[in-house]
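**Q** Have a peek at model.pdb (PDB, C-alpha atoms, pLDDT in the B column).
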ATOM      1  CA  MET A  12     106.199 144.496  35.185  1.00 34.00           C
ATOM      2  CA  PRO A  13     107.219 142.063  37.968  1.00 42.00           C
ATOM      3  CA  THR A  14     104.848 141.477  40.850  1.00 47.00           C
ATOM      4  CA  MET A  15     105.810 141.240  44.520  1.00 51.00           C
ATOM      5  CA  LEU A  16     105.627 137.998  46.479  1.00 53.00           C
ATOM      6  CA  LEU A  17     105.526 137.954  50.274  1.00 54.00           C
ATOM      7  CA  ASP A  18     108.098 135.583  51.740  1.00 58.00           C
ATOM      8  CA  ARG A  19     106.376 134.632  54.997  1.00 56.00           C
ATOM      9  CA  THR A  20     109.624 133.238  56.429  1.00 63.00           C
ATOM     10  CA  SER A  21     111.517 136.535  56.228  1.00 67.00           C
ATOM     11  CA  ASN A  22     108.401 138.739  55.965  1.00 65.00           C
ATOM     12  CA  GLU A  23     110.069 140.481  53.047  1.00 67.00           C
ATOM     13  CA  ARG A  24     108.684 141.084  49.586  1.00 62.00           C
ATOM     14  CA  ILE A  25     110.611 139.671  46.654  1.00 61.00           C
ATOM     15  CA  GLU A  26     110.109 140.178  42.947  1.00 62.00           C
ATOM     16  CA  ALA A  27     108.240 137.457  41.097  1.00 65.00           C
ATOM     17  CA  PRO A  28     107.404 137.442  37.396  1.00 70.00           C
ATOM     18  CA  GLU A  29     103.876 137.771  36.107  1.00 84.00           C
ATOM     19  CA  MET A  30     102.441 134.281  35.729  1.00 87.00           C
ATOM     20  CA  THR A  31      99.604 132.571  33.916  1.00 91.00           C
ATOM     21  CA  PRO A  32      97.493 129.691  35.229  1.00 92.00           C
ATOM     22  CA  GLU A  33      99.498 127.447  32.896  1.00 91.00           C
ATOM     23  CA  ASP A  34     102.768 128.647  34.447  1.00 90.00           C
ATOM     24  CA  LEU A  35     101.473 127.882  37.930  1.00 90.00           C
ATOM     25  CA  LEU A  36     100.416 124.395  36.862  1.00 89.00           C
ATOM     26  CA  VAL A  37     103.995 123.380  36.015  1.00 87.00           C
ATOM     27  CA  MET A  38     105.695 125.206  38.886  1.00 85.00           C
ATOM     28  CA  PRO A  39     107.383 122.620  41.197  1.00 81.00           C
ATOM     29  CA  ASP A  40     105.911 123.999  44.455  1.00 76.00           C
ATOM     30  CA  SER A  41     102.623 125.208  42.966  1.00 77.00           C
ATOM     31  CA  LYS A  42     100.603 123.551  45.748  1.00 77.00           C
ATOM     32  CA  ASP A  43     101.770 126.309  48.080  1.00 83.00           C
ATOM     33  CA  TYR A  44     100.318 129.152  45.984  1.00 90.00           C
ATOM     34  CA  GLU A  45      97.210 130.637  44.492  1.00 93.00           C
ATOM     35  CA  LEU A  46      97.281 132.989  41.512  1.00 93.00           C
ATOM     36  CA  ILE A  47      95.609 136.392  41.745  1.00 92.00           C
ATOM     37  CA  ASP A  48      95.677 138.487  38.571  1.00 88.00           C
ATOM     38  CA  GLY A  49      98.990 136.982  37.537  1.00 87.00           C
ATOM     39  CA  GLN A  50     100.556 137.344  40.996  1.00 88.00           C
ATOM     40  CA  LEU A  51     101.588 134.432  43.182  1.00 88.00           C
ATOM     41  CA  VAL A  52     100.014 134.504  46.649  1.00 88.00           C
ATOM     42  CA  GLU A  53     101.306 132.055  49.225  1.00 85.00           C
ATOM     43  CA  ARG A  54      98.644 130.039  51.014  1.00 86.00           C
ATOM     44  CA  ALA A  55      98.575 130.175  54.797  1.00 80.00           C
ATOM     45  CA  THR A  56      98.978 126.783  56.461  1.00 81.00           C
ATOM     46  CA  GLY A  57      99.340 125.288  59.923  1.00 86.00           C
ATOM     47  CA  GLU A  58      98.958 121.998  61.757  1.00 90.00           C
ATOM     48  CA  LEU A  59      95.577 122.831  63.303  1.00 91.00           C
ATOM     49  CA  SER A  60      94.006 124.122  60.087  1.00 92.00           C
ATOM     50  CA  SER A  61      95.391 121.139  58.165  1.00 93.00           C
ATOM     51  CA  TRP A  62      93.943 118.702  60.714  1.00 95.00           C
ATOM     52  CA  VAL A  63      90.521 120.354  60.592  1.00 96.00           C
ATOM     53  CA  GLY A  64      90.614 120.479  56.791  1.00 95.00           C
ATOM     54  CA  GLY A  65      91.271 116.742  56.787  1.00 96.00           C
ATOM     55  CA  GLU A  66      88.281 116.106  59.049  1.00 97.00           C
ATOM     56  CA  VAL A  67      85.975 118.137  56.785  1.00 97.00           C
ATOM     57  CA  LEU A  68      87.333 116.397  53.715  1.00 97.00           C
ATOM     58  CA  GLY A  69      86.830 112.964  55.247  1.00 97.00           C
ATOM     59  CA  LEU A  70      83.229 113.624  56.266  1.00 97.00           C
ATOM     60  CA  LEU A  71      82.276 115.108  52.907  1.00 98.00           C
ATOM     61  CA  ARG A  72      84.052 112.454  50.862  1.00 97.00           C
ATOM     62  CA  GLN A  73      82.392 109.606  52.746  1.00 97.00           C
ATOM     63  CA  PHE A  74      78.912 111.117  52.348  1.00 98.00           C
ATOM     64  CA  VAL A  75      79.362 112.029  48.682  1.00 97.00           C
ATOM     65  CA  LYS A  76      80.907 108.670  47.763  1.00 96.00           C
ATOM     66  CA  GLU A  77      78.244 106.632  49.548  1.00 96.00           C
ATOM     67  CA  ASN A  78      75.490 108.559  47.768  1.00 96.00           C
ATOM     68  CA  ARG A  79      77.275 108.906  44.401  1.00 94.00           C
ATOM     69  CA  LEU A  80      76.703 112.650  44.387  1.00 95.00           C
ATOM     70  CA  GLY A  81      79.848 113.814  42.643  1.00 94.00           C
ATOM     71  CA  TRP A  82      83.456 114.635  43.472  1.00 95.00           C
ATOM     72  CA  VAL A  83      85.196 115.960  46.596  1.00 96.00           C
ATOM     73  CA  TYR A  84      88.646 117.534  46.355  1.00 96.00           C
ATOM     74  CA  GLY A  85      91.340 118.462  48.856  1.00 95.00           C
ATOM     75  CA  SER A  86      93.489 121.547  49.233  1.00 93.00           C
ATOM     76  CA  ASP A  87      95.794 120.837  46.276  1.00 91.00           C
ATOM     77  CA  CYS A  88      92.933 121.234  43.805  1.00 93.00           C
ATOM     78  CA  GLY A  89      92.807 124.578  41.988  1.00 95.00           C
ATOM     79  CA  TYR A  90      89.855 126.284  40.314  1.00 96.00           C
ATOM     80  CA  GLN A  91      90.193 128.507  37.274  1.00 96.00           C
ATOM     81  CA  CYS A  92      86.476 129.248  37.155  1.00 95.00           C
ATOM     82  CA  PHE A  93      86.358 133.011  37.578  1.00 95.00           C
ATOM     83  CA  ALA A  94      84.979 134.515  34.369  1.00 93.00           C
ATOM     84  CA  PHE A  95      85.644 138.013  35.698  1.00 93.00           C
ATOM     85  CA  ALA A  96      89.316 137.184  36.392  1.00 94.00           C
ATOM     86  CA  PRO A  97      90.839 134.693  33.910  1.00 92.00           C
ATOM     87  CA  ARG A  98      94.285 134.848  35.591  1.00 93.00           C
ATOM     88  CA  LYS A  99      92.913 133.815  38.971  1.00 95.00           C
ATOM     89  CA  VAL A 100      93.368 130.331  40.442  1.00 96.00           C
ATOM     90  CA  ARG A 101      91.907 129.651  43.884  1.00 97.00           C
ATOM     91  CA  LYS A 102      92.566 126.555  46.006  1.00 96.00           C
ATOM     92  CA  PRO A 103      89.980 125.997  48.746  1.00 96.00           C
ATOM     93  CA  ASP A 104      90.803 123.637  51.583  1.00 96.00           C
ATOM     94  CA  CYS A 105      87.980 121.385  50.457  1.00 97.00           C
ATOM     95  CA  SER A 106      85.433 121.499  47.632  1.00 97.00           C
ATOM     96  CA  PHE A 107      82.542 119.569  46.117  1.00 97.00           C
ATOM     97  CA  VAL A 108      81.380 119.372  42.503  1.00 96.00           C
ATOM     98  CA  SER A 109      77.956 117.838  41.917  1.00 95.00           C
ATOM     99  CA  ARG A 110      77.607 114.989  39.441  1.00 92.00           C
ATOM    100  CA  ALA A 111      74.322 116.594  38.373  1.00 89.00           C
ATOM    101  CA  LYS A 112      76.251 119.350  36.587  1.00 84.00           C
ATOM    102  CA  ASN A 113      77.804 116.907  34.135  1.00 78.00           C
ATOM    103  CA  PRO A 114      77.198 113.194  34.843  1.00 77.00           C
ATOM    104  CA  SER A 115      79.751 112.032  32.265  1.00 78.00           C
ATOM    105  CA  ARG A 116      82.484 114.529  33.124  1.00 78.00           C
ATOM    106  CA  PRO A 117      85.873 112.788  33.233  1.00 76.00           C
ATOM    107  CA  ILE A 118      88.445 113.529  35.896  1.00 81.00           C
ATOM    108  CA  GLN A 119      91.290 115.367  34.170  1.00 83.00           C
ATOM    109  CA  GLU A 120      94.691 116.911  34.838  1.00 86.00           C
ATOM    110  CA  GLY A 121      94.981 120.667  35.303  1.00 89.00           C
ATOM    111  CA  TRP A 122      92.800 123.257  36.955  1.00 94.00           C
ATOM    112  CA  ILE A 123      89.062 122.692  37.240  1.00 94.00           C
ATOM    113  CA  LYS A 124      87.248 125.219  35.086  1.00 93.00           C
ATOM    114  CA  ILE A 125      83.702 124.614  36.279  1.00 93.00           C
ATOM    115  CA  VAL A 126      82.257 126.310  39.356  1.00 95.00           C
ATOM    116  CA  PRO A 127      82.130 124.071  42.445  1.00 96.00           C
ATOM    117  CA  ASP A 128      78.886 123.713  44.356  1.00 96.00           C
ATOM    118  CA  LEU A 129      80.520 123.946  47.783  1.00 97.00           C
ATOM    119  CA  VAL A 130      83.871 125.307  48.945  1.00 97.00           C
ATOM    120  CA  VAL A 131      85.413 125.220  52.402  1.00 98.00           C
ATOM    121  CA  GLU A 132      88.105 127.499  53.813  1.00 96.00           C
ATOM    122  CA  VAL A 133      89.678 126.689  57.173  1.00 96.00           C
ATOM    123  CA  ILE A 134      91.155 129.645  59.058  1.00 94.00           C
ATOM    124  CA  SER A 135      94.867 129.368  59.805  1.00 89.00           C
ATOM    125  CA  THR A 136      97.011 131.332  62.267  1.00 82.00           C
ATOM    126  CA  HIS A 137      98.612 133.220  59.380  1.00 78.00           C
ATOM    127  CA  ASP A 138      95.404 134.128  57.536  1.00 77.00           C
ATOM    128  CA  VAL A 139      94.496 137.794  57.236  1.00 82.00           C
ATOM    129  CA  PHE A 140      90.789 138.556  57.589  1.00 83.00           C
ATOM    130  CA  GLN A 141      90.687 140.761  54.492  1.00 86.00           C
ATOM    131  CA  GLU A 142      92.084 137.897  52.412  1.00 90.00           C
ATOM    132  CA  ILE A 143      89.389 135.521  53.658  1.00 91.00           C
ATOM    133  CA  ASP A 144      86.702 138.105  52.904  1.00 92.00           C
ATOM    134  CA  GLN A 145      88.034 138.450  49.357  1.00 94.00           C
ATOM    135  CA  LYS A 146      87.951 134.690  48.867  1.00 95.00           C
ATOM    136  CA  VAL A 147      84.310 134.654  49.943  1.00 95.00           C
ATOM    137  CA  LEU A 148      83.468 137.424  47.471  1.00 94.00           C
ATOM    138  CA  ASP A 149      85.350 135.683  44.651  1.00 96.00           C
ATOM    139  CA  TYR A 150      83.687 132.314  45.127  1.00 96.00           C
ATOM    140  CA  LEU A 151      80.184 133.707  45.486  1.00 95.00           C
ATOM    141  CA  ALA A 152      80.652 135.995  42.475  1.00 95.00           C
ATOM    142  CA  ALA A 153      81.722 132.950  40.449  1.00 96.00           C
ATOM    143  CA  GLY A 154      78.465 131.209  41.346  1.00 95.00           C
ATOM    144  CA  VAL A 155      79.430 128.859  44.173  1.00 96.00           C
ATOM    145  CA  GLY A 156      76.261 127.711  45.916  1.00 94.00           C
ATOM    146  CA  VAL A 157      77.543 127.553  49.491  1.00 96.00           C
ATOM    147  CA  MET A 158      80.795 128.417  51.222  1.00 97.00           C
ATOM    148  CA  TRP A 159      81.840 127.335  54.689  1.00 98.00           C
ATOM    149  CA  VAL A 160      84.460 129.352  56.574  1.00 97.00           C
ATOM    150  CA  VAL A 161      85.608 127.075  59.386  1.00 97.00           C
ATOM    151  CA  ASN A 162      87.312 128.762  62.338  1.00 96.00           C
ATOM    152  CA  PRO A 163      89.210 126.384  64.658  1.00 94.00           C
ATOM    153  CA  PHE A 164      90.045 129.247  67.043  1.00 92.00           C
ATOM    154  CA  SER A 165      86.434 130.129  67.864  1.00 93.00           C
ATOM    155  CA  ARG A 166      85.185 126.606  66.996  1.00 96.00           C
ATOM    156  CA  THR A 167      82.563 128.079  64.692  1.00 97.00           C
ATOM    157  CA  VAL A 168      81.503 127.855  61.050  1.00 98.00           C
ATOM    158  CA  ILE A 169      80.164 130.746  58.999  1.00 97.00           C
ATOM    159  CA  VAL A 170      77.923 129.516  56.181  1.00 97.00           C
ATOM    160  CA  HIS A 171      77.734 131.917  53.228  1.00 96.00           C
ATOM    161  CA  HIS A 172      74.749 131.431  50.951  1.00 88.00           C
ATOM    162  CA  SER A 173      75.203 134.669  49.024  1.00 76.00           C
ATOM    163  CA  LYS A 174      76.974 138.025  49.357  1.00 72.00           C
ATOM    164  CA  ALA A 175      74.124 139.227  51.571  1.00 73.00           C
ATOM    165  CA  SER A 176      73.331 136.042  53.470  1.00 84.00           C
ATOM    166  CA  ALA A 177      75.553 134.382  56.058  1.00 93.00           C
ATOM    167  CA  GLU A 178      74.870 132.276  59.143  1.00 95.00           C
ATOM    168  CA  ARG A 179      77.253 131.774  62.073  1.00 96.00           C
ATOM    169  CA  LEU A 180      77.071 128.361  63.714  1.00 98.00           C
ATOM    170  CA  SER A 181      78.533 127.723  67.149  1.00 97.00           C
ATOM    171  CA  SER A 182      80.131 124.470  68.268  1.00 96.00           C
ATOM    172  CA  ASP A 183      76.908 122.999  69.669  1.00 97.00           C
ATOM    173  CA  GLN A 184      74.931 123.558  66.458  1.00 98.00           C
ATOM    174  CA  GLU A 185      74.436 121.328  63.442  1.00 98.00           C
ATOM    175  CA  LEU A 186      76.107 122.001  60.104  1.00 98.00           C
ATOM    176  CA  THR A 187      74.100 120.783  57.121  1.00 96.00           C
ATOM    177  CA  GLY A 188      74.635 120.596  53.387  1.00 95.00           C
ATOM    178  CA  GLY A 189      71.447 122.524  52.671  1.00 92.00           C
ATOM    179  CA  GLU A 190      70.236 122.351  49.085  1.00 91.00           C
ATOM    180  CA  VAL A 191      73.752 121.612  47.817  1.00 94.00           C
ATOM    181  CA  LEU A 192      74.281 118.401  49.827  1.00 95.00           C
ATOM    182  CA  LYS A 193      70.857 117.278  50.962  1.00 94.00           C
ATOM    183  CA  GLY A 194      71.028 114.852  53.853  1.00 95.00           C
ATOM    184  CA  PHE A 195      74.514 115.756  55.018  1.00 97.00           C
ATOM    185  CA  SER A 196      74.852 116.942  58.604  1.00 97.00           C
ATOM    186  CA  CYS A 197      77.350 116.955  61.435  1.00 97.00           C
ATOM    187  CA  LEU A 198      77.869 118.699  64.734  1.00 98.00           C
ATOM    188  CA  VAL A 199      80.135 121.719  64.289  1.00 98.00           C
ATOM    189  CA  ASP A 200      82.211 120.639  67.274  1.00 96.00           C
ATOM    190  CA  SER A 201      82.992 117.314  65.565  1.00 96.00           C
ATOM    191  CA  LEU A 202      85.190 119.178  63.047  1.00 97.00           C
ATOM    192  CA  PHE A 203      87.691 120.196  65.728  1.00 96.00           C
ATOM    193  CA  PRO A 204      90.081 118.299  68.009  1.00 93.00           C
ATOM    194  CA  PRO A 205      89.269 118.235  71.743  1.00 90.00           C
ATOM    195  CA  PRO A 206      90.182 121.610  73.306  1.00 82.00           C
ATOM    196  CA  GLU A 207      92.649 119.993  75.701  1.00 82.00           C
ATOM    197  CA  GLU A 208      94.648 118.688  72.724  1.00 81.00           C
ATOM    198  CA  VAL A 209      95.107 122.113  71.136  1.00 80.00           C
ATOM    199  CA  GLN A 210      97.764 124.706  71.927  1.00 76.00           C
ATOM    200  CA  LEU A 211      96.714 127.930  70.227  1.00 68.00           C
ATOM    201  CA  LEU A 212      99.084 130.584  68.958  1.00 59.00           C
ATOM    202  CA  PRO A 213      98.045 134.266  68.769  1.00 57.00           C
ATOM    203  CA  ARG A 214      95.952 135.019  65.684  1.00 54.00           C
ATOM    204  CA  GLN A 215      97.303 137.499  63.156  1.00 51.00           C
ATOM    205  CA  HIS A 216      95.089 140.583  62.988  1.00 46.00           C
ATOM    206  CA  SER A 217      97.286 142.877  60.887  1.00 41.00           C
ATOM    207  CA  ASP A 218      96.397 144.291  57.496  1.00 40.00           C
ATOM    208  CA  GLU A 219      99.677 143.147  55.919  1.00 38.00           C
TER     209      GLU A 219
END
For the structure just supplied, provide its representation as structure tokens.
**A**
Amino acid sequence: MPTMLLDRTSNERIEAPEMTPEDLLVMPDSKDYELIDGQLVERATGELSSWVGGEVLGLLRQFVKENRLGWVYGSDCGYQCFAFAPRKVRKPDCSFVSRAKNPSRPIQEGWIKIVPDLVVEVISTHDVFQEIDQKVLDYLAAGVGVMWVVNPFSRTVIVHHSKASAERLSSDQELTGGEVLKGFSCLVDSLFPPPEEVQLLPRQHSDE
């Protein structure tokens, strides 16, 4: 049975075949999609969210590399680490895998099949809130230690420690790595460009 793929350009749904994680891996434009139960789901993108994702990636990579703590990955990296959903591949905007999990683990091709310690999602104009909520549930259910949901529109970060524990940080507060990245910290506001350099578009609030 074919699944339906939302074409965000035309806002129409088109038929797409059921896919496996292996199919997605060899698809030419696979970086633009996640895989949810065999169905392609296009990832929301935008200049602002991409810029912020790059800032987060840069800060984490520098800290992790200097302290030899493990590996930091960008938005092209996919995780097939959901035991409850073997045909699911998620691609966070940024992620960290601790060296302590497997000190001799080689860097390989393909999807990462171990659970990351930290994942970061940056809100884009085209994101739907229900989709972000589902990503949070998926990552925490898989065993991710901490998840940051970074919102450039409100200049805030929501830190999820578990399904029942979340903390909202405003722009003047400090974001830390907690137990996952001990010693890491930055001002939330440092993740975002100066307000005068940003032209915001209306956020999408629909349930599409």
**Q** What would the selection look like, as a PyMOL selection string, if the PyMOL selection byres ((chain A and resi 82) around 6) were run on the coordinates I just shared?
**A** chain A and resi 81+83+107-108
**Q** Dump as a tab-separated table the rows for residues of range 88-189 of chain A within 10 Å of range 69-73 of chain A: closest atom pair and distance in Å with one decimal, all atoms listed in the file counted, ordered by chain and rising residue number.
**A**
residue	atom	partner	partner_atom	distance
A:Cys105	CA	A:Leu71	CA	8.8
A:Ser106	CA	A:Leu71	CA	8.9
A:Phe107	CA	A:Leu71	CA	8.1
A:Gly188	CA	A:Leu71	CA	9.4
**Q** Enter the distance from CA of Glu66 in chain A to CA of Pro204 in chain A, in Å, rounded to one decimal.
**A**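 CA of Glu66 in chain A sits 9.4 Å away from CA of Pro204 in chain A.
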**Q** Pick the closest to Pro206 in chain A from A:Pro163, A:Leu180, A:Gly65, A:Gly89: which is it, counting only C-alpha atoms?
**A**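 Smallest separation from Pro206 in chain A among the options: A:Pro163.
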**Q** Could you write out as a PyMOL selection string the residues that the PyMOL selection byres ((chain A and resi 184) around 8) matches in the shown file?
**A** chain A and resi 180-183+185-186+198-200
**Q** Pick out the closest residue to Ala175 in chain A from this set: A:Cys197, A:Leu59, A:His137, A:Leu151. Count only C-alpha atoms.
**A**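 Once distances to Ala175 in chain A are computed over only C-alpha atoms, the minimum belongs to A:Leu151.
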**Q** Could you list the residues chosen by the PyMOL selection byres ((chain A and resi 88) around 9) in this structure as a count of residues only?
**A** 16
**Q** Between A:Gln141, A:Ser109, A:Gln210, A:Thr31, which one has atoms that come closest to Pro97 in chain A, using only C-alpha atoms?
**A** A:Thr31
**Q** Quick one: distance from CA of Val209 in chain A to CA of Arg179 in chain A in Å, one decimal?
**A**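 Distance between the two atoms: 22.2 Å.
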**Q** Can you pull range 118-173 of chain A out of that block with C-alpha atoms and hand it back as a tab-separated table (two decimals), in the first residue's frame?
**A**
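Once written, decode26.tsv looks like this:
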chain	number	residue	atom	x	y	z
A	118	ILE	CA	32.87	6.12	12.51
A	119	GLN	CA	30.94	4.28	9.81
A	120	GLU	CA	28.70	4.87	6.81
A	121	GLY	CA	24.94	4.50	7.18
A	122	TRP	CA	22.51	5.34	9.94
A	123	ILE	CA	23.67	5.42	13.54
A	124	LYS	CA	22.02	2.61	15.46
A	125	ILE	CA	23.01	3.60	18.98
A	126	VAL	CA	21.01	6.08	21.05
A	127	PRO	CA	22.55	9.57	21.20
A	128	ASP	CA	23.09	11.23	24.55
A	129	LEU	CA	21.86	14.64	23.41
A	130	VAL	CA	19.70	15.75	20.49
A	131	VAL	CA	18.79	19.26	19.39
A	132	GLU	CA	15.81	20.35	17.30
A	133	VAL	CA	15.61	23.93	16.04
A	134	ILE	CA	12.11	25.22	15.30
A	135	SER	CA	11.54	26.33	11.72
A	136	THR	CA	8.75	28.46	10.24
A	137	HIS	CA	7.24	25.37	8.61
A	138	ASP	CA	7.34	23.10	11.67
A	139	VAL	CA	4.04	21.91	13.11
A	140	PHE	CA	3.91	21.76	16.91
A	141	GLN	CA	2.45	18.25	16.98
A	142	GLU	CA	5.38	16.99	14.89
A	143	ILE	CA	7.90	18.51	17.31
A	144	ASP	CA	6.06	16.96	20.26
A	145	GLN	CA	6.22	13.56	18.57
A	146	LYS	CA	9.95	13.92	17.99
A	147	VAL	CA	10.43	14.66	21.68
A	148	LEU	CA	8.43	11.57	22.65
A	149	ASP	CA	10.34	9.38	20.18
A	150	TYR	CA	13.78	10.46	21.32
A	151	LEU	CA	13.01	10.19	25.02
A	152	ALA	CA	11.35	6.80	24.56
A	153	ALA	CA	14.50	5.61	22.77
A	154	GLY	CA	16.58	6.59	25.79
A	155	VAL	CA	18.08	9.94	24.82
A	156	GLY	CA	19.41	11.62	27.96
A	157	VAL	CA	18.59	15.24	27.12
A	158	MET	CA	16.80	17.00	24.28
A	159	TRP	CA	16.94	20.70	23.52
A	160	VAL	CA	14.13	22.30	21.51
A	161	VAL	CA	15.53	25.64	20.36
A	162	ASN	CA	12.99	28.27	19.33
A	163	PRO	CA	14.44	31.22	17.38
A	164	PHE	CA	11.05	32.96	17.31
A	165	SER	CA	10.69	33.25	21.09
A	166	ARG	CA	14.49	33.09	21.64
A	167	THR	CA	14.03	30.30	24.16
A	168	VAL	CA	15.19	26.73	24.71
A	169	ILE	CA	13.08	23.97	26.24
A	170	VAL	CA	15.25	21.32	27.89
A	171	HIS	CA	13.59	17.90	28.09
A	172	HIS	CA	15.07	15.54	30.65
A	173	SER	CA	12.27	12.98	30.49
